[in-house]
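Participant: Next comes query_37.cif, mmCIF, C-alpha atoms and all ligand atoms:
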data_input
loop_
_atom_site.label_atom_id
_atom_site.label_comp_id
_atom_site.auth_asym_id
_atom_site.auth_seq_id
_atom_site.Cartn_x
_atom_site.Cartn_y
_atom_site.Cartn_z
CA MET A 1 -61.90 -14.80 -6.43
CA THR A 2 -64.76 -12.61 -7.69
CA THR A 3 -64.45 -8.81 -7.91
CA ILE A 4 -67.49 -6.57 -8.07
CA GLN A 5 -67.16 -2.86 -8.78
CA VAL A 6 -69.63 -0.55 -7.01
CA LYS A 7 -70.11 2.87 -8.61
CA ALA A 8 -71.82 5.08 -6.06
CA SER A 9 -70.91 8.55 -4.69
CA ARG A 10 -67.58 6.83 -4.11
CA SER A 11 -66.54 3.86 -6.26
CA TYR A 12 -64.92 0.81 -4.73
CA GLU A 13 -64.27 -2.85 -5.24
CA VAL A 14 -65.80 -5.75 -3.34
CA LYS A 15 -63.53 -8.80 -3.46
CA ILE A 16 -64.95 -12.18 -2.55
CA GLY A 17 -62.79 -15.26 -2.07
CA ARG A 18 -60.76 -17.36 0.33
CA GLY A 19 -57.57 -16.21 2.08
CA LEU A 20 -58.16 -12.51 1.38
CA LEU A 21 -57.23 -11.27 4.86
CA THR A 22 -53.62 -12.16 4.09
CA SER A 23 -53.49 -9.70 1.19
CA LEU A 24 -55.30 -6.92 3.08
CA GLY A 25 -52.12 -4.93 3.79
CA GLU A 26 -51.02 -4.85 0.14
CA GLU A 27 -54.50 -3.93 -1.09
CA THR A 28 -54.83 -1.16 1.48
CA ALA A 29 -51.36 0.28 0.81
CA GLN A 30 -52.41 0.95 -2.79
CA LEU A 31 -55.52 2.84 -1.72
CA ILE A 32 -54.69 4.75 1.44
CA ARG A 33 -52.15 7.60 1.73
CA GLY A 34 -51.71 7.51 5.52
CA ARG A 35 -49.84 4.76 7.34
CA THR A 36 -52.03 4.28 10.41
CA ALA A 37 -54.83 1.72 10.43
CA ALA A 38 -57.25 1.65 13.37
CA ILE A 39 -58.76 -1.82 13.47
CA VAL A 40 -62.23 -2.05 15.01
CA SER A 41 -63.64 -5.42 16.03
CA ASP A 42 -65.76 -7.18 18.62
CA THR A 43 -64.54 -9.60 21.30
CA ASN A 44 -65.55 -12.77 19.42
CA VAL A 45 -64.10 -11.81 16.06
CA ALA A 46 -60.93 -10.23 17.48
CA ALA A 47 -60.09 -13.51 19.23
CA LEU A 48 -60.27 -15.30 15.88
CA TYR A 49 -58.94 -12.90 13.24
CA LEU A 50 -57.35 -9.77 14.74
CA ASP A 51 -53.80 -11.18 14.65
CA ARG A 52 -54.15 -12.11 10.96
CA VAL A 53 -55.33 -8.59 10.09
CA LYS A 54 -52.63 -6.87 12.17
CA THR A 55 -49.88 -9.03 10.70
CA SER A 56 -51.00 -8.29 7.15
CA MET A 57 -51.28 -4.53 7.76
CA GLU A 58 -47.96 -4.27 9.59
CA ALA A 59 -46.14 -6.27 6.92
CA ALA A 60 -47.33 -3.65 4.42
CA GLY A 61 -45.89 -0.83 6.57
CA PHE A 62 -48.92 0.29 8.56
CA ARG A 63 -48.85 1.29 12.23
CA THR A 64 -51.91 -0.40 13.78
CA CYS A 65 -54.01 0.25 16.85
CA GLU A 66 -57.08 -1.75 17.85
CA PHE A 67 -60.44 -0.90 19.39
CA VAL A 68 -62.29 -4.03 20.54
CA PHE A 69 -65.78 -3.85 22.11
CA SER A 70 -68.19 -6.44 23.58
CA ALA A 71 -69.84 -8.52 20.87
CA GLY A 72 -73.56 -8.01 20.26
CA GLU A 73 -76.17 -5.49 19.12
CA PRO A 74 -76.37 -3.70 22.53
CA SER A 75 -72.83 -2.37 21.86
CA LYS A 76 -73.98 -0.57 18.69
CA ASN A 77 -74.82 2.48 20.76
CA GLY A 78 -73.81 6.09 21.41
CA GLU A 79 -71.42 5.16 24.20
CA THR A 80 -69.32 2.74 22.12
CA TYR A 81 -69.40 5.20 19.22
CA LEU A 82 -68.08 8.10 21.33
CA ASN A 83 -65.47 5.85 22.96
CA LEU A 84 -64.30 4.90 19.48
CA LEU A 85 -64.02 8.55 18.39
CA GLU A 86 -62.04 9.39 21.55
CA PHE A 87 -59.81 6.38 20.90
CA LEU A 88 -59.10 7.59 17.35
CA ALA A 89 -58.24 11.08 18.61
CA GLU A 90 -55.99 9.68 21.35
CA HIS A 91 -54.14 7.55 18.80
CA GLN A 92 -53.69 10.57 16.53
CA VAL A 93 -55.48 9.05 13.58
CA THR A 94 -55.49 11.63 10.77
CA ARG A 95 -57.69 12.27 7.73
CA SER A 96 -55.32 10.36 5.47
CA ASP A 97 -55.45 7.23 7.67
CA THR A 98 -58.06 4.48 7.65
CA LEU A 99 -60.40 2.53 9.88
CA VAL A 100 -60.71 -1.20 9.32
CA ALA A 101 -64.02 -2.83 10.31
CA LEU A 102 -63.38 -6.48 11.13
CA GLY A 103 -66.63 -8.25 12.04
CA GLY A 104 -70.32 -8.62 11.38
CA GLY A 105 -72.91 -5.93 10.71
CA VAL A 106 -72.61 -4.47 14.20
CA VAL A 107 -68.89 -3.75 13.77
CA GLY A 108 -69.40 -2.54 10.18
CA ASP A 109 -72.28 -0.18 10.97
CA LEU A 110 -70.55 1.33 14.00
CA THR A 111 -67.15 1.70 12.32
CA GLY A 112 -68.73 3.17 9.19
CA PHE A 113 -70.59 5.80 11.22
CA ALA A 114 -67.40 6.66 13.12
CA ALA A 115 -65.55 6.93 9.79
CA ALA A 116 -68.29 9.19 8.38
CA THR A 117 -68.03 11.60 11.29
CA PHE A 118 -64.46 11.48 12.68
CA LEU A 119 -62.62 14.56 11.35
CA ARG A 120 -65.70 15.04 9.10
CA GLY A 121 -64.97 11.80 7.29
CA ILE A 122 -62.04 9.42 6.90
CA ASP A 123 -61.65 6.24 4.86
CA PHE A 124 -62.78 2.86 6.08
CA ILE A 125 -62.46 -0.70 4.87
CA GLN A 126 -65.05 -3.40 5.45
CA LEU A 127 -63.93 -6.94 6.33
CA PRO A 128 -67.29 -8.71 6.80
CA THR A 129 -67.09 -11.91 8.87
CA THR A 130 -70.77 -12.92 9.00
CA LEU A 131 -72.85 -14.05 6.04
CA LEU A 132 -75.28 -11.20 6.72
CA ALA A 133 -72.52 -8.61 6.65
CA ALA A 134 -70.99 -10.20 3.53
CA VAL A 135 -74.17 -10.17 1.45
CA ASP A 136 -75.77 -7.06 2.85
CA ALA A 137 -74.39 -4.76 5.58
CA SER A 138 -70.83 -4.28 4.28
CA VAL A 139 -71.89 -3.04 0.83
CA GLY A 140 -73.92 0.06 0.02
CA GLY A 141 -72.79 2.61 2.57
CA LYS A 142 -75.55 2.55 5.18
CA THR A 143 -73.90 3.14 8.55
CA ALA A 144 -75.63 3.61 11.88
CA ILE A 145 -75.87 3.20 15.62
CA ASP A 146 -78.98 2.43 17.68
CA LEU A 147 -80.66 4.93 20.00
CA LYS A 148 -82.79 4.09 23.06
CA ASN A 149 -85.88 4.68 20.91
CA GLY A 150 -84.98 2.27 18.14
CA LYS A 151 -82.45 0.61 15.89
CA ASN A 152 -80.28 2.51 13.39
CA LEU A 153 -81.80 5.89 14.29
CA ALA A 154 -78.51 7.81 13.98
CA GLY A 155 -76.42 7.18 10.89
CA ALA A 156 -75.09 8.32 7.56
CA PHE A 157 -74.76 7.16 3.98
CA TYR A 158 -71.01 6.72 3.70
CA GLN A 159 -69.36 4.30 1.30
CA PRO A 160 -66.30 2.23 2.24
CA ARG A 161 -63.03 2.42 0.29
CA LEU A 162 -62.80 -1.36 -0.15
CA VAL A 163 -64.70 -4.48 0.92
CA LEU A 164 -62.72 -7.70 1.33
CA CYS A 165 -64.99 -10.62 1.95
CA ASP A 166 -62.74 -13.47 3.09
CA LEU A 167 -64.96 -16.56 2.88
CA ASP A 168 -62.64 -18.45 5.25
CA THR A 169 -64.02 -16.34 8.11
CA LEU A 170 -67.54 -17.70 7.51
CA ASP A 171 -66.30 -21.18 8.45
CA THR A 172 -66.20 -20.29 12.17
CA LEU A 173 -69.76 -18.91 12.28
CA PRO A 174 -72.13 -20.83 14.55
CA ASP A 175 -74.91 -22.52 12.47
CA ASP A 176 -77.53 -20.27 13.97
CA ILE A 177 -75.78 -17.08 12.89
CA PHE A 178 -75.06 -18.50 9.45
CA ALA A 179 -78.80 -19.25 9.14
CA ASP A 180 -79.62 -15.59 9.89
CA GLY A 181 -77.58 -14.61 6.84
CA CYS A 182 -79.40 -17.26 4.79
CA ALA A 183 -82.65 -15.36 5.36
CA GLU A 184 -81.12 -12.34 3.61
CA VAL A 185 -79.79 -14.57 0.82
CA ILE A 186 -83.28 -16.03 0.24
CA LYS A 187 -84.57 -12.45 0.29
CA TYR A 188 -82.36 -11.56 -2.71
CA GLY A 189 -83.82 -14.48 -4.63
CA MET A 190 -87.36 -13.44 -3.74
CA ILE A 191 -86.70 -9.84 -4.85
CA GLY A 192 -85.57 -10.75 -8.33
CA ASP A 193 -83.35 -13.77 -8.91
CA ARG A 194 -85.20 -16.98 -9.60
CA ASP A 195 -81.98 -18.73 -10.63
CA LEU A 196 -80.56 -18.00 -7.19
CA LEU A 197 -83.64 -19.60 -5.63
CA ASP A 198 -83.10 -22.68 -7.81
CA LEU A 199 -79.45 -22.81 -6.78
CA LEU A 200 -80.36 -22.55 -3.09
CA GLY A 201 -82.90 -25.35 -3.48
CA GLN A 202 -80.38 -27.72 -5.08
CA LYS A 203 -77.97 -27.88 -2.16
CA HIS A 204 -76.87 -25.95 0.91
CA PHE A 205 -74.18 -23.48 -0.16
CA ARG A 206 -72.27 -23.31 3.12
CA GLU A 207 -69.27 -25.33 1.95
CA ASP A 208 -68.82 -23.34 -1.22
CA PRO A 209 -70.45 -19.94 -0.75
CA GLU A 210 -68.65 -17.79 -3.36
CA GLU A 211 -71.22 -17.92 -6.15
CA VAL A 212 -74.17 -17.28 -3.85
CA VAL A 213 -72.43 -14.44 -1.97
CA ALA A 214 -71.31 -12.83 -5.25
CA ARG A 215 -74.81 -13.04 -6.77
CA CYS A 216 -76.31 -11.30 -3.73
CA ILE A 217 -73.66 -8.57 -3.72
CA ALA A 218 -74.15 -8.01 -7.46
CA MET A 219 -77.86 -7.49 -6.90
CA LYS A 220 -77.20 -5.14 -3.99
CA ARG A 221 -74.70 -3.24 -6.18
CA ASP A 222 -77.37 -2.79 -8.87
CA LEU A 223 -79.91 -1.48 -6.37
CA VAL A 224 -77.39 0.84 -4.69
CA GLU A 225 -76.22 2.23 -8.02
CA ALA A 226 -79.84 2.85 -9.05
CA ASP A 227 -80.82 4.44 -5.76
CA GLU A 228 -77.94 5.08 -3.35
CA PHE A 229 -80.00 7.14 -0.90
CA ASP A 230 -82.86 4.69 -0.56
CA THR A 231 -85.79 6.65 -1.95
CA GLY A 232 -86.83 4.15 -4.64
CA ALA A 233 -85.64 0.78 -5.95
CA ARG A 234 -83.25 0.15 -3.03
CA GLN A 235 -86.31 -0.23 -0.82
CA LEU A 236 -86.81 -3.66 -2.41
CA LEU A 237 -84.12 -4.82 0.02
CA ASN A 238 -86.69 -4.34 2.77
CA LEU A 239 -88.63 -7.45 1.70
CA GLY A 240 -89.78 -9.17 4.88
CA HIS A 241 -88.31 -6.36 6.97
CA THR A 242 -91.42 -4.25 7.65
CA MET A 243 -93.29 -7.01 9.49
CA GLY A 244 -89.93 -8.53 10.46
CA HIS A 245 -89.09 -5.43 12.48
CA GLY A 246 -92.50 -5.71 14.16
CA ILE A 247 -91.75 -9.32 15.11
CA GLU A 248 -88.27 -8.43 16.41
CA ALA A 249 -89.76 -5.63 18.50
CA CYS A 250 -92.58 -7.88 19.83
CA SER A 251 -89.92 -10.35 21.01
CA ASP A 252 -88.06 -7.47 22.70
CA TYR A 253 -85.22 -8.29 20.29
CA ALA A 254 -84.83 -11.81 21.68
CA MET A 255 -85.52 -13.10 18.16
CA SER A 256 -82.65 -12.52 15.72
CA HIS A 257 -83.07 -10.20 12.74
CA GLY A 258 -82.65 -13.02 10.19
CA LYS A 259 -85.33 -15.21 11.77
CA ALA A 260 -87.72 -12.28 12.01
CA VAL A 261 -87.11 -11.46 8.33
CA ALA A 262 -87.81 -15.11 7.42
CA ILE A 263 -91.21 -14.90 9.15
CA GLY A 264 -91.81 -11.43 7.69
CA MET A 265 -91.25 -12.79 4.18
CA THR A 266 -93.74 -15.59 4.83
CA LEU A 267 -96.37 -13.16 6.12
CA ILE A 268 -96.08 -10.73 3.23
CA THR A 269 -96.13 -13.56 0.67
CA ARG A 270 -99.29 -15.04 2.20
CA ALA A 271 -100.96 -11.60 2.30
CA SER A 272 -99.99 -10.99 -1.32
CA ILE A 273 -101.66 -14.28 -2.31
CA GLU A 274 -104.77 -13.29 -0.33
CA TYR A 275 -104.92 -10.01 -2.25
CA GLY A 276 -104.60 -11.91 -5.54
CA MET A 277 -101.21 -10.38 -6.30
CA CYS A 278 -99.10 -13.55 -6.16
CA SER A 279 -99.30 -17.21 -7.10
CA ALA A 280 -99.97 -19.74 -4.31
CA GLU A 281 -96.90 -21.83 -5.23
CA SER A 282 -94.62 -18.96 -4.11
CA LEU A 283 -95.61 -19.54 -0.49
CA SER A 284 -95.05 -23.30 -0.55
CA ASN A 285 -91.69 -22.81 -2.32
CA LEU A 286 -90.64 -20.20 0.23
CA ARG A 287 -91.62 -22.30 3.24
CA LYS A 288 -89.72 -25.28 1.83
CA LEU A 289 -86.59 -23.18 1.36
CA LEU A 290 -86.82 -21.60 4.81
CA LYS A 291 -87.12 -25.07 6.34
CA GLN A 292 -84.12 -26.30 4.35
CA TYR A 293 -82.06 -23.42 5.78
CA GLY A 294 -83.24 -23.88 9.39
CA LEU A 295 -85.42 -20.76 9.44
CA PRO A 296 -88.89 -20.25 10.99
CA ASP A 297 -92.00 -19.32 8.98
CA SER A 298 -94.68 -18.46 11.54
CA THR A 299 -95.33 -16.42 14.64
CA ASP A 300 -97.83 -16.47 17.53
CA TYR A 301 -97.92 -12.69 17.98
CA ALA A 302 -101.37 -11.12 17.61
CA ALA A 303 -102.12 -8.87 14.62
CA GLN A 304 -102.76 -5.80 16.83
CA ASP A 305 -99.41 -6.15 18.65
CA LEU A 306 -97.57 -6.66 15.39
CA TYR A 307 -99.33 -3.67 13.87
CA GLU A 308 -98.35 -1.35 16.72
CA LYS A 309 -94.71 -2.48 16.75
CA THR A 310 -94.45 -2.40 12.97
CA LEU A 311 -95.75 1.18 12.91
CA SER A 312 -93.13 2.35 15.38
CA ASP A 313 -90.47 1.39 12.81
CA LYS A 314 -88.96 4.35 10.97
CA LYS A 315 -89.73 3.19 7.41
CA ARG A 316 -92.96 5.11 7.09
CA THR A 317 -93.60 8.37 5.30
CA GLY A 318 -96.49 10.46 6.62
CA GLY A 319 -99.70 8.51 6.18
CA THR A 320 -98.29 5.87 3.83
CA ILE A 321 -95.99 2.90 4.07
CA THR A 322 -94.19 1.17 1.19
CA LEU A 323 -94.42 -2.60 1.34
CA VAL A 324 -92.24 -4.95 -0.70
CA VAL A 325 -94.68 -7.49 -2.09
CA PRO A 326 -93.81 -10.75 -3.88
CA THR A 327 -95.76 -11.08 -7.12
CA GLU A 328 -94.28 -14.35 -8.34
CA TRP A 329 -91.54 -16.80 -7.33
CA GLY A 330 -88.38 -14.70 -7.77
CA LYS A 331 -90.01 -11.29 -8.24
CA SER A 332 -91.23 -8.55 -5.90
CA ILE A 333 -92.53 -5.01 -6.32
CA LEU A 334 -92.88 -1.86 -4.21
CA HIS A 335 -96.49 -1.30 -3.18
CA LYS A 336 -97.65 1.81 -1.33
CA ILE A 337 -100.52 1.45 1.15
CA SER A 338 -102.08 3.68 3.80
CA VAL A 339 -100.88 3.19 7.35
CA GLU A 340 -104.41 2.05 8.33
CA ASP A 341 -104.35 -0.65 5.66
CA LEU A 342 -101.22 -2.20 7.15
CA LYS A 343 -103.36 -3.88 9.80
CA ASN A 344 -105.32 -5.72 7.06
CA TRP A 345 -102.08 -6.86 5.42
CA ILE A 346 -100.82 -8.23 8.73
CA GLU A 347 -104.13 -10.02 9.41
CA LYS A 348 -104.07 -11.62 5.97
CA GLY A 349 -100.43 -12.62 6.43
CA LEU A 350 -100.86 -14.39 9.77
N1 LIG A 401 -75.70 -1.31 6.91
C1 LIG A 401 -76.55 -2.13 6.34
O1 LIG A 401 -76.90 -2.00 5.16
C2 LIG A 401 -77.12 -3.26 7.14
C3 LIG A 401 -77.85 -4.27 6.51
C4 LIG A 401 -78.31 -5.34 7.28
C5 LIG A 401 -78.03 -5.37 8.65
N2 LIG A 401 -77.33 -4.37 9.22
C6 LIG A 401 -76.99 -4.40 10.67
O2 LIG A 401 -76.15 -5.53 10.88
C7 LIG A 401 -76.28 -5.93 12.24
C8 LIG A 401 -76.39 -7.43 12.30
O3 LIG A 401 -75.22 -7.98 11.74
P1 LIG A 401 -74.75 -9.46 12.09
O4 LIG A 401 -75.88 -10.38 11.95
O5 LIG A 401 -73.51 -9.67 11.32
O6 LIG A 401 -74.50 -9.37 13.66
P2 LIG A 401 -73.18 -9.24 14.54
O7 LIG A 401 -72.22 -8.30 13.96
O8 LIG A 401 -73.64 -8.97 15.93
O9 LIG A 401 -72.56 -10.71 14.47
C9 LIG A 401 -73.30 -11.78 15.02
C10 LIG A 401 -72.46 -12.58 16.02
O10 LIG A 401 -71.50 -13.34 15.28
C11 LIG A 401 -70.19 -13.16 15.83
N3 LIG A 401 -69.26 -13.35 14.72
C12 LIG A 401 -69.05 -12.50 13.70
N4 LIG A 401 -68.23 -13.05 12.80
C13 LIG A 401 -67.90 -14.28 13.27
C14 LIG A 401 -67.09 -15.33 12.76
N5 LIG A 401 -66.51 -15.25 11.57
N6 LIG A 401 -66.97 -16.45 13.50
C15 LIG A 401 -67.61 -16.56 14.69
N7 LIG A 401 -68.40 -15.60 15.21
C16 LIG A 401 -68.54 -14.47 14.50
C17 LIG A 401 -70.23 -11.77 16.42
O11 LIG A 401 -69.25 -11.59 17.40
C18 LIG A 401 -71.65 -11.74 16.98
O12 LIG A 401 -71.67 -12.34 18.24
C19 LIG A 401 -77.49 -5.21 12.80
O13 LIG A 401 -77.04 -4.19 13.65
C20 LIG A 401 -78.17 -4.63 11.58
O14 LIG A 401 -78.84 -3.42 11.87
C21 LIG A 401 -76.86 -3.34 8.50
#
Starting from the file, give its structure as structure tokens.
Facilitator:
Amino acid sequence: MTTIQVKASRSYEVKIGRGLLTSLGEETAQLIRGRTAAIVSDTNVAALYLDRVKTSMEAAGFRTCEFVFSAGEPSKNGETYLNLLEFLAEHQVTRSDTLVALGGGVVGDLTGFAAATFLRGIDFIQLPTTLLAAVDASVGGKTAIDLKNGKNLAGAFYQPRLVLCDLDTLDTLPDDIFADGCAEVIKYGMIGDRDLLDLLGQKHFREDPEEVVARCIAMKRDLVEADEFDTGARQLLNLGHTMGHGIEACSDYAMSHGKAVAIGMTLITRASIEYGMCSAESLSNLRKLLKQYGLPDSTDYAAQDLYEKTLSDKKRTGGTITLVVPTEWGKSILHKISVEDLKNWIEKGL
């Protein structure tokens, strides 16, 4: 097992290893004063792991109640959020109790936002069950729900009390969803970990993911500790996401986030080479790695459509936009451009 300490506005441990759900109750009992745990999950994950989580919590003396919603991004909305708050009130969850988020990024984001706002803030524990949630969404305290006008438009920075990443749960992920997480893993390498990129190139890490997951979380920890509220270095995590969001939006969200990020990384790397900011080998290395992990590297959307959809994303400040630009294999920088210039970057990337 690997333990990573995150020191943000609230400090907590991230534990990564196999069989961790079994020790959840004991771990929680040491951290939480109350004895009620409201477990939040989606229909797919609850069918697989809810019993294990309940058994562990109850054996440690917790009263449990469960809120299970339909799996998928469309559930990460205001209606599910309010239903969850009403559920917590009905079950007399108090400020000394805890929420337990059992699932992927959708469950984690929604539960975290409910925890941030119910009774003006109660504890929550993240139990990520997708690779994406393990390496990214469960750590760092960004919580949110989607609004009709866009993704993650209502949310809060609110750190969990504990993250238990039980690698056994990743074994039941469909290949396609595992691949989405791989896009984020490759992203970490591209931001600043050439050794990770080498490791990924040697062999697929699915059978033995601990080292790769821990490396990604350690990098996220460093960025969160340097910039918890996302005004500087943490923005490096957006590599591939600016154009990726445009691609997701162009597809009307039919394309998954991970695949859109994979294409977004390809586009920004190619544009960076065109602008003389990056070596040509970075693009061929990236495309090889994306292929190895079953991820796409091109899109048919037109530059104008991508430009319009990319601009409607929230990550823009007045007349400028901060791009994350690869400068060499295993290194990226923040690069501010004018909103008008974004169109040129997209054209050069396609
Ligand atoms: N808070 C953050 O910092 C952050 C970072 C990145 C992404 N996100 C958010 O994360 C969300 C995407 O997360 P995701 O990709 O985990 O999606 P998800 O939570 O929808 O999970 C994907 C699918 O996998 C299923 N699933 C989950 N665990 C499983 C398991 N162990 N076995 C079998 N099936 C399983 C789910 O039921 C779902 O159908 C988006 O809403 C995104 O905005 C948040």
Participant: List the spatial neighbours of Arg18 of chain A as a PyMOL selection string - criterion: any atom at most 6 Å away, only C-alpha atoms, same-chain residues fewer than 5 positions off excluded.
Facilitator: chain A and resi 166-168
Participant: Please, which residues have at least one atom within 6 Å of an atom of ligand LIG 401 (chain A), using only C-alpha atoms and all ligand atoms, listed as a PDB file with C-alpha atoms, in the coordinates of the input?
Facilitator:
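Full text of pocket11.pdb as output:
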ATOM      1  CA  ASP A  42     -65.760  -7.180  18.620  1.00  0.00           C
ATOM      2  CA  ASN A  44     -65.550 -12.770  19.420  1.00  0.00           C
ATOM      3  CA  VAL A  45     -64.100 -11.810  16.060  1.00  0.00           C
ATOM      4  CA  ALA A  71     -69.840  -8.520  20.870  1.00  0.00           C
ATOM      5  CA  GLY A  72     -73.560  -8.010  20.260  1.00  0.00           C
ATOM      6  CA  GLU A  73     -76.170  -5.490  19.120  1.00  0.00           C
ATOM      7  CA  GLY A 103     -66.630  -8.250  12.040  1.00  0.00           C
ATOM      8  CA  GLY A 104     -70.320  -8.620  11.380  1.00  0.00           C
ATOM      9  CA  GLY A 105     -72.910  -5.930  10.710  1.00  0.00           C
ATOM     10  CA  VAL A 106     -72.610  -4.470  14.200  1.00  0.00           C
ATOM     11  CA  VAL A 107     -68.890  -3.750  13.770  1.00  0.00           C
ATOM     12  CA  ASP A 109     -72.280  -0.180  10.970  1.00  0.00           C
ATOM     13  CA  THR A 129     -67.090 -11.910   8.870  1.00  0.00           C
ATOM     14  CA  THR A 130     -70.770 -12.920   9.000  1.00  0.00           C
ATOM     15  CA  LEU A 132     -75.280 -11.200   6.720  1.00  0.00           C
ATOM     16  CA  ALA A 133     -72.520  -8.610   6.650  1.00  0.00           C
ATOM     17  CA  ASP A 136     -75.770  -7.060   2.850  1.00  0.00           C
ATOM     18  CA  ALA A 137     -74.390  -4.760   5.580  1.00  0.00           C
ATOM     19  CA  LYS A 142     -75.550   2.550   5.180  1.00  0.00           C
ATOM     20  CA  THR A 143     -73.900   3.140   8.550  1.00  0.00           C
ATOM     21  CA  THR A 169     -64.020 -16.340   8.110  1.00  0.00           C
ATOM     22  CA  LEU A 170     -67.540 -17.700   7.510  1.00  0.00           C
ATOM     23  CA  THR A 172     -66.200 -20.290  12.170  1.00  0.00           C
ATOM     24  CA  LEU A 173     -69.760 -18.910  12.280  1.00  0.00           C
TER      25      LEU A 173
END
Participant: From the list A:Asp297, A:Glu13, A:Glu90, A:Glu281, which residue is nearest Gln126 of chain A when using all atoms listed in the file?
Facilitator: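 Ranked by minimum distance to Gln126 of chain A, first place goes to A:Glu13.
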Participant: Would you write out, as JSON lines, a table of all residues in segment 90-202 of chain A that have an atom no more than 10 Å from an atom of segment 251-259 of chain A, listing for each the closest atom pair and the distance in Å to one decimal, considering only C-alpha atoms and ordering rows by chain and rising residue number?
Facilitator:
{"residue": "A:Leu132", "atom": "CA", "partner": "A:Gly258", "partner_atom": "CA", "distance": 8.3}
{"residue": "A:Asp176", "atom": "CA", "partner": "A:Ser256", "partner_atom": "CA", "distance": 9.5}
{"residue": "A:Ile177", "atom": "CA", "partner": "A:Gly258", "partner_atom": "CA", "distance": 8.4}
{"residue": "A:Phe178", "atom": "CA", "partner": "A:Gly258", "partner_atom": "CA", "distance": 9.4}
{"residue": "A:Ala179", "atom": "CA", "partner": "A:Gly258", "partner_atom": "CA", "distance": 7.4}
{"residue": "A:Asp180", "atom": "CA", "partner": "A:Gly258", "partner_atom": "CA", "distance": 4.0}
{"residue": "A:Gly181", "atom": "CA", "partner": "A:Gly258", "partner_atom": "CA", "distance": 6.3}
{"residue": "A:Cys182", "atom": "CA", "partner": "A:Gly258", "partner_atom": "CA", "distance": 7.6}
{"residue": "A:Ala183", "atom": "CA", "partner": "A:Gly258", "partner_atom": "CA", "distance": 5.4}
{"residue": "A:Glu184", "atom": "CA", "partner": "A:Gly258", "partner_atom": "CA", "distance": 6.8}
{"residue": "A:Val185", "atom": "CA", "partner": "A:Gly258", "partner_atom": "CA", "distance": 9.9}
Participant: What does the distance between atom CA of Ser279 of chain A and atom CA of Leu350 of chain A come to in Å, to one decimal place?
Facilitator: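 A separation of 17.2 Å between them.
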Participant: Quick one: residues within 10 Å of segment 194-205 of chain A, only C-alpha atoms counted, chain neighbours fewer than 2 positions away excluded, as an MDAnalysis selection string?
Facilitator: chainID A and resid 182 185:192 207:213 215:216 285:286 288:290 292:293 328:331
Participant: Between atom CA of Ile125 of chain A and atom CA of Asn152 of chain A, what is the distance in Å, rounded to a tenth?
Facilitator: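 About the pair atom CA of Ile125 of chain A and atom CA of Asn152 of chain A: they are 20.0 Å apart.
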Participant: Which residue, A:Met57, A:Cys165, A:Ala38, A:Ala114, has the smallest gap to Thr2 of chain A when you use all atoms listed in the file?
Facilitator: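 Nearest to Thr2 of chain A: A:Cys165.
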Participant: Quick one: everything within 7 Å of segment 266-277 of chain A, counting only C-alpha atoms, minus sequence neighbours fewer than 4 positions away in the same chain. Send it as a PDB file with C-alpha atoms, keeping the file's coordinate frame.
Facilitator:
ATOM      1  CA  GLY A 240     -89.780  -9.170   4.880  1.00  0.00           C
ATOM      2  CA  ALA A 262     -87.810 -15.110   7.420  1.00  0.00           C
ATOM      3  CA  LEU A 283     -95.610 -19.540  -0.490  1.00  0.00           C
ATOM      4  CA  ASP A 297     -92.000 -19.320   8.980  1.00  0.00           C
ATOM      5  CA  VAL A 325     -94.680  -7.490  -2.090  1.00  0.00           C
ATOM      6  CA  PRO A 326     -93.810 -10.750  -3.880  1.00  0.00           C
ATOM      7  CA  THR A 327     -95.760 -11.080  -7.120  1.00  0.00           C
ATOM      8  CA  TRP A 345    -102.080  -6.860   5.420  1.00  0.00           C
ATOM      9  CA  LYS A 348    -104.070 -11.620   5.970  1.00  0.00           C
ATOM     10  CA  GLY A 349    -100.430 -12.620   6.430  1.00  0.00           C
ATOM     11  CA  LEU A 350    -100.860 -14.390   9.770  1.00  0.00           C
TER      12      LEU A 350
END
Participant: What does the distance between atom CA of Gly244 of chain A and atom CA of Asp193 of chain A come to in Å, to one decimal place?
Facilitator: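 The value is 21.1 Å.
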Participant: Using all atoms listed in the file, which residues sit within 8 Å of Leu24 of chain A once same-chain residues fewer than 5 positions away are excluded, as a list in words?
Facilitator: Val53, Ser56, Met57 and Leu164 of chain A
Participant: For Phe87 of chain A, which residue out of A:Ala101, A:Ala303, A:Val40, A:Thr117 is the nearest one, using all atoms listed in the file?
Facilitator: A:Val40
Participant: When you count all atoms listed in the file, which of these residues is closest to Ala46 of chain A: A:Leu102, A:Val324, A:Met243, A:Leu88?
Facilitator: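 Ranking A:Leu102, A:Val324, A:Met243, A:Leu88 by distance to Ala46 of chain A, first place goes to A:Leu102.
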Participant: For Leu342 of chain A, which of A:Arg287, A:Phe62, A:Gly246, A:Asn77 is the closest residue, counting all atoms listed in the file?
Facilitator: A:Gly246
Participant: Which of these, A:Ser23, A:Thr94, A:Ser282, A:Thr310, has the shortest distance to Ala59 of chain A once you count all atoms listed in the file?
Facilitator: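 Among the listed residues, A:Ser23 lies closest to Ala59 of chain A.
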Participant: Which centre and which edge lengths, in Å to one decimal, describe the axis-aligned box that holds all listed atoms of segment 236-248 of chain A after 4 Å is added on each side, as JSON?
Facilitator:
{"center_x": -88.7, "center_y": -6.5, "center_z": 7.0, "size_x": 17.2, "size_y": 13.7, "size_z": 26.8}
Participant: Identify the residues within 10 Å of coordinate (-62.5, 7.0, 6.6) (same frame as the file), considering all atoms listed in the file, and give the answer as a PyMOL selection string.
Facilitator: chain A and resi 32+94-100+111-125+158-161
